[in-house]
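Engineer: Contents of work22.cif (mmCIF, N, CA and C atoms and all ligand atoms):
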```cif
data_work
#
loop_
_atom_site.group_PDB
_atom_site.id
_atom_site.type_symbol
_atom_site.label_atom_id
_atom_site.label_comp_id
_atom_site.auth_asym_id
_atom_site.auth_seq_id
_atom_site.Cartn_x
_atom_site.Cartn_y
_atom_site.Cartn_z
ATOM 1 N N MET A 1 -56.869 -73.925 17.521
ATOM 2 C CA MET A 1 -56.670 -74.069 16.069
ATOM 3 C C MET A 1 -55.563 -75.075 15.813
ATOM 4 N N ARG A 2 -55.888 -76.135 15.107
ATOM 5 C CA ARG A 2 -54.929 -77.215 14.925
ATOM 6 C C ARG A 2 -54.183 -77.090 13.605
ATOM 7 N N ILE A 3 -54.609 -76.177 12.778
ATOM 8 C CA ILE A 3 -54.031 -76.103 11.445
ATOM 9 C C ILE A 3 -52.934 -75.059 11.410
ATOM 10 N N ARG A 4 -51.868 -75.398 10.735
ATOM 11 C CA ARG A 4 -50.773 -74.458 10.614
ATOM 12 C C ARG A 4 -50.480 -74.193 9.152
ATOM 13 N N LYS A 5 -49.822 -73.079 8.967
ATOM 14 C CA LYS A 5 -49.382 -72.720 7.628
ATOM 15 C C LYS A 5 -48.500 -73.830 7.053
ATOM 16 N N GLY A 6 -48.737 -74.183 5.807
ATOM 17 C CA GLY A 6 -47.930 -75.211 5.163
ATOM 18 C C GLY A 6 -48.536 -76.597 5.228
ATOM 19 N N ASP A 7 -49.556 -76.783 6.070
ATOM 20 C CA ASP A 7 -50.229 -78.078 6.133
ATOM 21 C C ASP A 7 -50.945 -78.363 4.819
ATOM 22 N N THR A 8 -51.002 -79.631 4.463
ATOM 23 C CA THR A 8 -51.864 -80.035 3.353
ATOM 24 C C THR A 8 -53.214 -80.394 3.939
ATOM 25 N N VAL A 9 -54.240 -79.766 3.410
ATOM 26 C CA VAL A 9 -55.567 -79.991 3.963
ATOM 27 C C VAL A 9 -56.546 -80.330 2.845
ATOM 28 N N GLN A 10 -57.643 -80.920 3.249
ATOM 29 C CA GLN A 10 -58.732 -81.198 2.320
ATOM 30 C C GLN A 10 -59.986 -80.531 2.856
ATOM 31 N N VAL A 11 -60.737 -79.941 1.931
ATOM 32 C CA VAL A 11 -61.981 -79.291 2.330
ATOM 33 C C VAL A 11 -63.038 -80.380 2.518
ATOM 34 N N LEU A 12 -63.689 -80.369 3.666
ATOM 35 C CA LEU A 12 -64.573 -81.470 4.040
ATOM 36 C C LEU A 12 -66.038 -81.187 3.749
ATOM 37 N N SER A 13 -66.387 -79.928 3.622
ATOM 38 C CA SER A 13 -67.791 -79.658 3.361
ATOM 39 C C SER A 13 -67.928 -78.368 2.587
ATOM 40 N N GLY A 14 -69.109 -78.154 2.093
ATOM 41 C CA GLY A 14 -69.368 -76.940 1.343
ATOM 42 C C GLY A 14 -69.129 -77.138 -0.141
ATOM 43 N N LYS A 15 -69.182 -76.054 -0.843
ATOM 44 C CA LYS A 15 -69.085 -76.078 -2.298
ATOM 45 C C LYS A 15 -67.730 -76.611 -2.769
ATOM 46 N N GLN A 16 -66.710 -76.364 -1.964
ATOM 47 C CA GLN A 16 -65.351 -76.722 -2.376
ATOM 48 C C GLN A 16 -64.939 -78.089 -1.850
ATOM 49 N N ARG A 17 -65.900 -78.845 -1.387
ATOM 50 C CA ARG A 17 -65.638 -80.144 -0.797
ATOM 51 C C ARG A 17 -64.741 -81.018 -1.688
ATOM 52 N N GLY A 18 -63.755 -81.638 -1.066
ATOM 53 C CA GLY A 18 -62.875 -82.533 -1.800
ATOM 54 C C GLY A 18 -61.613 -81.885 -2.318
ATOM 55 N N ARG A 19 -61.592 -80.584 -2.334
ATOM 56 C CA ARG A 19 -60.401 -79.892 -2.817
ATOM 57 C C ARG A 19 -59.263 -80.055 -1.813
ATOM 58 N N ARG A 20 -58.084 -80.210 -2.368
ATOM 59 C CA ARG A 20 -56.914 -80.283 -1.515
ATOM 60 C C ARG A 20 -55.950 -79.168 -1.834
ATOM 61 N N GLY A 21 -55.227 -78.741 -0.853
ATOM 62 C CA GLY A 21 -54.221 -77.728 -1.117
ATOM 63 C C GLY A 21 -53.427 -77.428 0.127
ATOM 64 N N GLN A 22 -52.439 -76.586 -0.053
ATOM 65 C CA GLN A 22 -51.611 -76.183 1.064
ATOM 66 C C GLN A 22 -52.207 -74.961 1.734
ATOM 67 N N VAL A 23 -52.076 -74.927 3.032
ATOM 68 C CA VAL A 23 -52.540 -73.770 3.780
ATOM 69 C C VAL A 23 -51.569 -72.620 3.551
ATOM 70 N N MET A 24 -52.104 -71.525 3.042
ATOM 71 C CA MET A 24 -51.262 -70.374 2.764
ATOM 72 C C MET A 24 -51.249 -69.399 3.935
ATOM 73 N N VAL A 25 -52.424 -69.190 4.497
ATOM 74 C CA VAL A 25 -52.563 -68.201 5.563
ATOM 75 C C VAL A 25 -53.464 -68.779 6.649
ATOM 76 N N VAL A 26 -53.077 -68.574 7.901
ATOM 77 C CA VAL A 26 -53.926 -68.946 9.025
ATOM 78 C C VAL A 26 -54.267 -67.683 9.790
ATOM 79 N N ASP A 27 -55.547 -67.508 10.041
ATOM 80 C CA ASP A 27 -55.973 -66.364 10.834
ATOM 81 C C ASP A 27 -56.655 -66.867 12.109
ATOM 82 N N PRO A 28 -55.890 -66.992 13.187
ATOM 83 C CA PRO A 28 -56.450 -67.569 14.413
ATOM 84 C C PRO A 28 -57.562 -66.706 15.004
ATOM 85 N N ALA A 29 -57.454 -65.411 14.819
ATOM 86 C CA ALA A 29 -58.469 -64.519 15.390
ATOM 87 C C ALA A 29 -59.818 -64.740 14.719
ATOM 88 N N ALA A 30 -59.799 -64.896 13.403
ATOM 89 C CA ALA A 30 -61.039 -65.102 12.668
ATOM 90 C C ALA A 30 -61.423 -66.575 12.595
ATOM 91 N N GLY A 31 -60.468 -67.464 12.906
ATOM 92 C CA GLY A 31 -60.733 -68.888 12.800
ATOM 93 C C GLY A 31 -60.841 -69.358 11.365
ATOM 94 N N THR A 32 -60.089 -68.699 10.503
ATOM 95 C CA THR A 32 -60.159 -69.061 9.095
ATOM 96 C C THR A 32 -58.778 -69.404 8.543
ATOM 97 N N VAL A 33 -58.807 -70.117 7.432
ATOM 98 C CA VAL A 33 -57.573 -70.432 6.723
ATOM 99 C C VAL A 33 -57.777 -70.122 5.244
ATOM 100 N N ILE A 34 -56.688 -69.805 4.588
ATOM 101 C CA ILE A 34 -56.740 -69.675 3.135
ATOM 102 C C ILE A 34 -55.957 -70.832 2.555
ATOM 103 N N VAL A 35 -56.646 -71.631 1.748
ATOM 104 C CA VAL A 35 -56.046 -72.821 1.157
ATOM 105 C C VAL A 35 -55.763 -72.546 -0.308
ATOM 106 N N ASP A 36 -54.557 -72.895 -0.718
ATOM 107 C CA ASP A 36 -54.134 -72.663 -2.085
ATOM 108 C C ASP A 36 -55.077 -73.351 -3.062
ATOM 109 N N ALA A 37 -55.593 -72.608 -3.990
ATOM 110 C CA ALA A 37 -56.419 -73.123 -5.085
ATOM 111 C C ALA A 37 -57.762 -73.692 -4.639
ATOM 112 N N ALA A 38 -58.109 -73.531 -3.372
ATOM 113 C CA ALA A 38 -59.451 -73.907 -2.942
ATOM 114 C C ALA A 38 -60.229 -72.627 -2.676
ATOM 115 N N ASN A 39 -61.506 -72.692 -2.901
ATOM 116 C CA ASN A 39 -62.369 -71.542 -2.653
ATOM 117 C C ASN A 39 -61.973 -70.309 -3.459
ATOM 118 N N MET A 40 -61.623 -70.559 -4.711
ATOM 119 C CA MET A 40 -61.318 -69.433 -5.583
ATOM 120 C C MET A 40 -62.610 -68.790 -6.054
ATOM 121 N N VAL A 41 -62.616 -67.514 -6.055
ATOM 122 C CA VAL A 41 -63.759 -66.818 -6.610
ATOM 123 C C VAL A 41 -63.257 -65.860 -7.673
ATOM 124 N N LYS A 42 -64.134 -65.561 -8.577
ATOM 125 C CA LYS A 42 -63.767 -64.599 -9.604
ATOM 126 C C LYS A 42 -64.303 -63.237 -9.195
ATOM 127 N N ARG A 43 -63.418 -62.338 -9.127
ATOM 128 C CA ARG A 43 -63.790 -60.973 -8.780
ATOM 129 C C ARG A 43 -63.785 -60.127 -10.041
ATOM 130 N N HIS A 44 -64.871 -59.477 -10.262
ATOM 131 C CA HIS A 44 -64.907 -58.564 -11.397
ATOM 132 C C HIS A 44 -64.542 -57.186 -10.867
ATOM 133 N N THR A 45 -63.356 -56.775 -11.153
ATOM 134 C CA THR A 45 -62.885 -55.528 -10.570
ATOM 135 C C THR A 45 -62.774 -54.444 -11.627
ATOM 136 N N LYS A 46 -63.016 -53.285 -11.152
ATOM 137 C CA LYS A 46 -62.860 -52.109 -11.997
ATOM 138 C C LYS A 46 -61.426 -51.618 -11.860
ATOM 139 N N ALA A 47 -60.883 -51.113 -12.904
ATOM 140 C CA ALA A 47 -59.530 -50.590 -12.831
ATOM 141 C C ALA A 47 -59.481 -49.400 -11.878
ATOM 142 N N ARG A 48 -58.488 -49.433 -11.005
ATOM 143 C CA ARG A 48 -58.311 -48.305 -10.081
ATOM 144 C C ARG A 48 -56.951 -47.696 -10.357
ATOM 145 N N GLY A 49 -56.942 -46.651 -11.069
ATOM 146 C CA GLY A 49 -55.689 -45.967 -11.343
ATOM 147 C C GLY A 49 -54.827 -46.759 -12.311
ATOM 148 N N ALA A 50 -53.555 -46.476 -12.338
ATOM 149 C CA ALA A 50 -52.670 -47.070 -13.316
ATOM 150 C C ALA A 50 -52.195 -48.460 -12.894
ATOM 151 N N THR A 51 -52.044 -48.696 -11.574
ATOM 152 C CA THR A 51 -51.459 -49.954 -11.119
ATOM 153 C C THR A 51 -52.486 -51.069 -11.029
ATOM 154 N N MET A 52 -53.703 -50.764 -10.575
ATOM 155 C CA MET A 52 -54.729 -51.787 -10.438
ATOM 156 C C MET A 52 -55.447 -51.979 -11.762
ATOM 157 N N GLN A 53 -55.215 -53.112 -12.360
ATOM 158 C CA GLN A 53 -55.903 -53.401 -13.601
ATOM 159 C C GLN A 53 -57.299 -53.936 -13.316
ATOM 160 N N GLY A 54 -58.201 -53.597 -14.192
ATOM 161 C CA GLY A 54 -59.543 -54.132 -14.051
ATOM 162 C C GLY A 54 -59.645 -55.494 -14.706
ATOM 163 N N GLY A 55 -60.803 -56.091 -14.608
ATOM 164 C CA GLY A 55 -60.999 -57.380 -15.244
ATOM 165 C C GLY A 55 -61.439 -58.426 -14.240
ATOM 166 N N ILE A 56 -61.334 -59.676 -14.636
ATOM 167 C CA ILE A 56 -61.756 -60.774 -13.774
ATOM 168 C C ILE A 56 -60.517 -61.373 -13.121
ATOM 169 N N ILE A 57 -60.505 -61.373 -11.817
ATOM 170 C CA ILE A 57 -59.326 -61.806 -11.071
ATOM 171 C C ILE A 57 -59.711 -62.983 -10.176
ATOM 172 N N ASP A 58 -58.876 -64.020 -10.167
ATOM 173 C CA ASP A 58 -59.089 -65.125 -9.236
ATOM 174 C C ASP A 58 -58.573 -64.740 -7.865
ATOM 175 N N LYS A 59 -59.407 -64.978 -6.886
ATOM 176 C CA LYS A 59 -59.024 -64.566 -5.546
ATOM 177 C C LYS A 59 -59.286 -65.733 -4.598
ATOM 178 N N ASP A 60 -58.318 -66.038 -3.738
ATOM 179 C CA ASP A 60 -58.523 -67.077 -2.733
ATOM 180 C C ASP A 60 -59.297 -66.502 -1.568
ATOM 181 N N MET A 61 -60.402 -67.152 -1.231
ATOM 182 C CA MET A 61 -61.199 -66.671 -0.108
ATOM 183 C C MET A 61 -60.930 -67.533 1.127
ATOM 184 N N PRO A 62 -60.973 -66.912 2.302
ATOM 185 C CA PRO A 62 -60.756 -67.709 3.507
ATOM 186 C C PRO A 62 -61.891 -68.706 3.748
ATOM 187 N N LEU A 63 -61.536 -69.844 4.302
ATOM 188 C CA LEU A 63 -62.499 -70.865 4.683
ATOM 189 C C LEU A 63 -62.491 -70.984 6.202
ATOM 190 N N PRO A 64 -63.636 -71.310 6.802
ATOM 191 C CA PRO A 64 -63.602 -71.573 8.233
ATOM 192 C C PRO A 64 -62.741 -72.799 8.525
ATOM 193 N N ALA A 65 -61.918 -72.711 9.546
ATOM 194 C CA ALA A 65 -60.983 -73.798 9.847
ATOM 195 C C ALA A 65 -61.712 -75.099 10.137
ATOM 196 N N SER A 66 -62.978 -75.010 10.520
ATOM 197 C CA SER A 66 -63.713 -76.214 10.891
ATOM 198 C C SER A 66 -64.089 -77.075 9.684
ATOM 199 N N VAL A 67 -64.014 -76.544 8.483
ATOM 200 C CA VAL A 67 -64.408 -77.354 7.332
ATOM 201 C C VAL A 67 -63.212 -77.962 6.608
ATOM 202 N N VAL A 68 -62.004 -77.739 7.117
ATOM 203 C CA VAL A 68 -60.867 -78.380 6.483
ATOM 204 C C VAL A 68 -60.233 -79.396 7.436
ATOM 205 N N GLY A 69 -59.770 -80.494 6.850
ATOM 206 C CA GLY A 69 -59.108 -81.526 7.635
ATOM 207 C C GLY A 69 -57.672 -81.666 7.180
ATOM 208 N N ILE A 70 -56.790 -81.898 8.127
ATOM 209 C CA ILE A 70 -55.388 -82.085 7.787
ATOM 210 C C ILE A 70 -55.214 -83.452 7.141
ATOM 211 N N VAL A 71 -54.535 -83.465 6.001
ATOM 212 C CA VAL A 71 -54.296 -84.724 5.311
ATOM 213 C C VAL A 71 -53.041 -85.360 5.901
ATOM 214 N N CYS A 72 -53.211 -86.566 6.405
ATOM 215 C CA CYS A 72 -52.089 -87.285 7.018
ATOM 216 C C CYS A 72 -51.175 -87.813 5.924
ATOM 217 N N PRO A 73 -49.860 -87.547 6.011
ATOM 218 C CA PRO A 73 -48.955 -88.020 4.964
ATOM 219 C C PRO A 73 -48.851 -89.543 4.937
ATOM 220 N N ALA A 74 -49.106 -90.183 6.062
ATOM 221 C CA ALA A 74 -48.982 -91.640 6.128
ATOM 222 C C ALA A 74 -50.194 -92.338 5.534
ATOM 223 N N CYS A 75 -51.388 -91.933 5.932
ATOM 224 C CA CYS A 75 -52.557 -92.630 5.395
ATOM 225 C C CYS A 75 -53.192 -91.894 4.224
ATOM 226 N N GLY A 76 -52.759 -90.655 3.963
ATOM 227 C CA GLY A 76 -53.220 -89.964 2.777
ATOM 228 C C GLY A 76 -54.666 -89.547 2.811
ATOM 229 N N ARG A 77 -55.234 -89.502 3.978
ATOM 230 C CA ARG A 77 -56.630 -89.125 4.098
ATOM 231 C C ARG A 77 -56.766 -88.012 5.125
ATOM 232 N N PRO A 78 -57.815 -87.208 4.969
ATOM 233 C CA PRO A 78 -58.014 -86.172 5.983
ATOM 234 C C PRO A 78 -58.345 -86.815 7.317
ATOM 235 N N SER A 79 -57.658 -86.388 8.348
ATOM 236 C CA SER A 79 -57.800 -87.035 9.641
ATOM 237 C C SER A 79 -58.022 -86.010 10.724
ATOM 238 N N ARG A 80 -58.605 -86.462 11.788
ATOM 239 C CA ARG A 80 -58.624 -85.639 12.988
ATOM 240 C C ARG A 80 -57.269 -85.764 13.650
ATOM 241 N N THR A 81 -56.915 -84.752 14.386
ATOM 242 C CA THR A 81 -55.593 -84.786 14.995
ATOM 243 C C THR A 81 -55.692 -84.912 16.498
ATOM 244 N N GLY A 82 -54.728 -85.592 17.056
ATOM 245 C CA GLY A 82 -54.558 -85.644 18.501
ATOM 246 C C GLY A 82 -53.219 -85.025 18.817
ATOM 247 N N VAL A 83 -52.869 -85.049 20.081
ATOM 248 C CA VAL A 83 -51.613 -84.448 20.498
ATOM 249 C C VAL A 83 -50.877 -85.422 21.402
ATOM 250 N N ARG A 84 -49.588 -85.554 21.179
ATOM 251 C CA ARG A 84 -48.769 -86.270 22.146
ATOM 252 C C ARG A 84 -47.582 -85.389 22.498
ATOM 253 N N TYR A 85 -46.882 -85.762 23.529
ATOM 254 C CA TYR A 85 -45.749 -84.976 23.965
ATOM 255 C C TYR A 85 -44.484 -85.794 23.818
ATOM 256 N N ASP A 86 -43.432 -85.172 23.302
ATOM 257 C CA ASP A 86 -42.172 -85.901 23.175
ATOM 258 C C ASP A 86 -41.387 -85.802 24.482
ATOM 259 N N GLU A 87 -40.159 -86.337 24.486
ATOM 260 C CA GLU A 87 -39.370 -86.416 25.724
ATOM 261 C C GLU A 87 -39.091 -85.024 26.301
ATOM 262 N N GLN A 88 -39.022 -84.034 25.411
ATOM 263 C CA GLN A 88 -38.765 -82.675 25.890
ATOM 264 C C GLN A 88 -40.055 -81.964 26.305
ATOM 265 N N GLY A 89 -41.147 -82.660 26.167
ATOM 266 C CA GLY A 89 -42.422 -82.055 26.542
ATOM 267 C C GLY A 89 -43.035 -81.203 25.459
ATOM 268 N N ALA A 90 -42.448 -81.279 24.254
ATOM 269 C CA ALA A 90 -43.004 -80.486 23.155
ATOM 270 C C ALA A 90 -44.220 -81.199 22.585
ATOM 271 N N LYS A 91 -45.179 -80.397 22.182
ATOM 272 C CA LYS A 91 -46.398 -80.952 21.601
ATOM 273 C C LYS A 91 -46.138 -81.451 20.188
ATOM 274 N N ILE A 92 -46.603 -82.629 19.913
ATOM 275 C CA ILE A 92 -46.524 -83.172 18.558
ATOM 276 C C ILE A 92 -47.927 -83.585 18.146
ATOM 277 N N ARG A 93 -48.325 -83.163 16.959
ATOM 278 C CA ARG A 93 -49.653 -83.559 16.483
ATOM 279 C C ARG A 93 -49.583 -84.969 15.904
ATOM 280 N N VAL A 94 -50.583 -85.736 16.173
ATOM 281 C CA VAL A 94 -50.623 -87.091 15.638
ATOM 282 C C VAL A 94 -51.942 -87.308 14.909
ATOM 283 N N CYS A 95 -51.881 -88.245 13.979
ATOM 284 C CA CYS A 95 -53.076 -88.644 13.242
ATOM 285 C C CYS A 95 -53.894 -89.585 14.109
ATOM 286 N N ARG A 96 -55.183 -89.293 14.234
ATOM 287 C CA ARG A 96 -56.040 -90.161 15.049
ATOM 288 C C ARG A 96 -56.313 -91.485 14.360
ATOM 289 N N ARG A 97 -56.132 -91.481 13.045
ATOM 290 C CA ARG A 97 -56.462 -92.680 12.285
ATOM 291 C C ARG A 97 -55.357 -93.723 12.377
ATOM 292 N N CYS A 98 -54.095 -93.270 12.154
ATOM 293 C CA CYS A 98 -53.011 -94.250 12.134
ATOM 294 C C CYS A 98 -52.011 -94.027 13.255
ATOM 295 N N GLY A 99 -52.111 -92.928 13.967
ATOM 296 C CA GLY A 99 -51.202 -92.689 15.079
ATOM 297 C C GLY A 99 -49.871 -92.079 14.677
ATOM 298 N N GLY A 100 -49.677 -91.839 13.393
ATOM 299 C CA GLY A 100 -48.417 -91.260 12.929
ATOM 300 C C GLY A 100 -48.310 -89.781 13.263
ATOM 301 N N ASP A 101 -47.090 -89.296 13.330
ATOM 302 C CA ASP A 101 -46.884 -87.868 13.592
ATOM 303 C C ASP A 101 -47.266 -87.059 12.372
ATOM 304 N N LEU A 102 -47.770 -85.889 12.638
ATOM 305 C CA LEU A 102 -48.118 -84.987 11.541
ATOM 306 C C LEU A 102 -47.116 -83.830 11.511
HETATM 307 ZN ZN ZN B 1 -52.636 -91.205 9.373
#
```
Let me see whether you can do it: turn the structure in this file into structure tokens.
Ligand SMILES: [Zn+2]

Structural biologist:
Amino acid sequence: MRIRKGDTVQVLSGKQRGRRGQVMVVDPAAGTVIVDAANMVKRHTKARGATMQGGIIDKDMPLPASVVGIVCPACGRPSRTGVRYDEQGAKIRVCRRCGGDL
């Protein structure tokens, strides 16, 4: 999984194609991400007790990680990522398009 929480990503396919947002939640086990303001659905919920209000609620749904691309801050486009290692041997993600660090 190349995507991390806080990344800016763009949805590459599906109904939400073209939407951009920040990654709020990453679920490596499920292979999904929740992107802010992308893949919102309206849930018609019934009131449950005093605290849960009923009505129509916007809910962020998880997207498969494979349909989102990390937006490179340098070229401003969704890019595939590569990996390079710095002097300490730490992994650094790089943009395949321009070679800049992500
Ligand atoms: Zn780039």

Engineer: If you count only N, CA and C atoms and all ligand atoms, which residues end up within 5 Å of ligand ZN 1 (chain B), as a VMD selection string?

Structural biologist: chain A and resid 72 74 to 75 95 97 to 99

Engineer: With a distance cut-off of 10 Å and only C-alpha atoms, select the neighbouring residues of Gly14 (chain A), excluding the residue or stretch itself and same-chain residues fewer than 6 positions from it, and output the selection as JSON, numbers by chain.

Structural biologist: {"A": [39, 63, 67]}

Engineer: With DSSP run on the backbone, what are the strand (DSSP E) residues within chain A? I'd like them as an MDAnalysis selection string.

Structural biologist: chainID A and resid 8:11 20:27 32:35 40:45 55:60 63:64 68:71 78:79 81:85 91:95

Engineer: Nearest to Met61 (chain A) among A:Thr81, A:Met40, A:Val25, A:Ala47, with distances taken over only N, CA and C atoms: which residue is it?

Structural biologist: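 Checking each of A:Thr81, A:Met40, A:Val25, A:Ala47 against Met61 (chain A), counting only N, CA and C atoms, the winner is A:Met40.
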
Engineer: Which one of A:Leu102, A:Val26, A:Ile70, A:Met52 sits closest to Thr8 (chain A) if you count only C-alpha atoms?

Structural biologist: A:Ile70

Engineer: Work out how far CA of Met24 (chain A) is from atom C of Val11 (chain A), in Å to one decimal.

Structural biologist: 15.5 Å

Engineer: So that I can see what lies close to Ile92 (chain A), please list as a list in words the residues with an atom at most 12 Å from it, counting only C-alpha atoms and leaving out residues fewer than 2 positions away in the same chain.

Structural biologist: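 Near Ile92 (chain A), the qualifying residues are Arg2, Thr81, Gly82, Val83, Arg84, Tyr85, Asp86, Glu87, Gln88, Gly89, Ala90, Val94, Cys95, Gly99, Gly100, Asp101 and Leu102 of chain A.
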
Engineer: Tell me which of A:Val35, A:Val41, A:Ile56, A:Ala29 sits closest to Val9 (chain A), counting only N, CA and C atoms.

Structural biologist: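 Answer, going by the shortest atom-to-atom distance: A:Val35.
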
Engineer: Output as lines of an AutoDock Vina configuration file the centre and edge lengths (Å, one decimal) of the box along x, y and z of the file that holds every listed atom of region 52-55 of chain A after adding 5 Å on each side.

Structural biologist:
```
center_x = -57.6
center_y = -54.6
center_z = -12.8
size_x = 17.7
size_y = 17.7
size_z = 14.8
```

Engineer: Have a look at atom C of Ala30 (chain A) and CA of Ser66 (chain A) and let me know their distance in Å, one decimal.

Structural biologist: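 Going from atom C of Ala30 (chain A) over to CA of Ser66 (chain A) covers 10.1 Å.
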
Engineer: Need the shell around Pro64 (chain A): protein/DNA/RNA residues with any atom at most 9 Å away, counting only C-alpha atoms. Skip same-chain ones fewer than 5 positions apart. Format as a PyMOL selection string?

Structural biologist: chain A and resi 30-34

Engineer: How would region 26-33 of chain A read, as a PDB file, in the coordinates of the input, once all heavy atoms are built in?

Structural biologist:
```pdb
ATOM      1  N   VAL A  26     -53.077 -68.574   7.901  1.00  0.00           N
ATOM      2  CA  VAL A  26     -53.926 -68.946   9.025  1.00  0.00           C
ATOM      3  C   VAL A  26     -54.267 -67.683   9.790  1.00  0.00           C
ATOM      4  O   VAL A  26     -53.391 -66.884  10.089  1.00  0.00           O
ATOM      5  CB  VAL A  26     -53.202 -69.946   9.959  1.00  0.00           C
ATOM      6  CG1 VAL A  26     -54.053 -70.243  11.195  1.00  0.00           C
ATOM      7  CG2 VAL A  26     -52.883 -71.230   9.228  1.00  0.00           C
ATOM      8  N   ASP A  27     -55.547 -67.508  10.041  1.00  0.00           N
ATOM      9  CA  ASP A  27     -55.973 -66.364  10.834  1.00  0.00           C
ATOM     10  C   ASP A  27     -56.655 -66.867  12.109  1.00  0.00           C
ATOM     11  O   ASP A  27     -57.845 -67.170  12.108  1.00  0.00           O
ATOM     12  CB  ASP A  27     -56.940 -65.499  10.014  1.00  0.00           C
ATOM     13  CG  ASP A  27     -57.299 -64.208  10.743  1.00  0.00           C
ATOM     14  OD1 ASP A  27     -57.081 -64.126  11.964  1.00  0.00           O
ATOM     15  OD2 ASP A  27     -57.799 -63.289  10.083  1.00  0.00           O
ATOM     16  N   PRO A  28     -55.890 -66.992  13.187  1.00  0.00           N
ATOM     17  CA  PRO A  28     -56.450 -67.569  14.413  1.00  0.00           C
ATOM     18  C   PRO A  28     -57.562 -66.706  15.004  1.00  0.00           C
ATOM     19  O   PRO A  28     -58.507 -67.234  15.588  1.00  0.00           O
ATOM     20  CB  PRO A  28     -55.257 -67.635  15.383  1.00  0.00           C
ATOM     21  CG  PRO A  28     -54.049 -67.385  14.552  1.00  0.00           C
ATOM     22  CD  PRO A  28     -54.491 -66.595  13.356  1.00  0.00           C
ATOM     23  N   ALA A  29     -57.454 -65.411  14.819  1.00  0.00           N
ATOM     24  CA  ALA A  29     -58.469 -64.519  15.390  1.00  0.00           C
ATOM     25  C   ALA A  29     -59.818 -64.740  14.719  1.00  0.00           C
ATOM     26  O   ALA A  29     -60.853 -64.807  15.374  1.00  0.00           O
ATOM     27  CB  ALA A  29     -58.027 -63.066  15.235  1.00  0.00           C
ATOM     28  N   ALA A  30     -59.799 -64.896  13.403  1.00  0.00           N
ATOM     29  CA  ALA A  30     -61.039 -65.102  12.668  1.00  0.00           C
ATOM     30  C   ALA A  30     -61.423 -66.575  12.595  1.00  0.00           C
ATOM     31  O   ALA A  30     -62.542 -66.909  12.238  1.00  0.00           O
ATOM     32  CB  ALA A  30     -60.914 -64.520  11.269  1.00  0.00           C
ATOM     33  N   GLY A  31     -60.468 -67.464  12.906  1.00  0.00           N
ATOM     34  CA  GLY A  31     -60.733 -68.888  12.800  1.00  0.00           C
ATOM     35  C   GLY A  31     -60.841 -69.358  11.365  1.00  0.00           C
ATOM     36  O   GLY A  31     -61.567 -70.290  11.054  1.00  0.00           O
ATOM     37  N   THR A  32     -60.089 -68.699  10.503  1.00  0.00           N
ATOM     38  CA  THR A  32     -60.159 -69.061   9.095  1.00  0.00           C
ATOM     39  C   THR A  32     -58.778 -69.404   8.543  1.00  0.00           C
ATOM     40  O   THR A  32     -57.761 -69.028   9.113  1.00  0.00           O
ATOM     41  CB  THR A  32     -60.738 -67.905   8.248  1.00  0.00           C
ATOM     42  OG1 THR A  32     -59.931 -66.752   8.424  1.00  0.00           O
ATOM     43  CG2 THR A  32     -62.169 -67.598   8.645  1.00  0.00           C
ATOM     44  N   VAL A  33     -58.807 -70.117   7.432  1.00  0.00           N
ATOM     45  CA  VAL A  33     -57.573 -70.432   6.723  1.00  0.00           C
ATOM     46  C   VAL A  33     -57.777 -70.122   5.244  1.00  0.00           C
ATOM     47  O   VAL A  33     -58.890 -70.167   4.742  1.00  0.00           O
ATOM     48  CB  VAL A  33     -57.168 -71.916   6.887  1.00  0.00           C
ATOM     49  CG1 VAL A  33     -56.846 -72.236   8.328  1.00  0.00           C
ATOM     50  CG2 VAL A  33     -58.253 -72.846   6.364  1.00  0.00           C
TER      51      VAL A  33
END
```
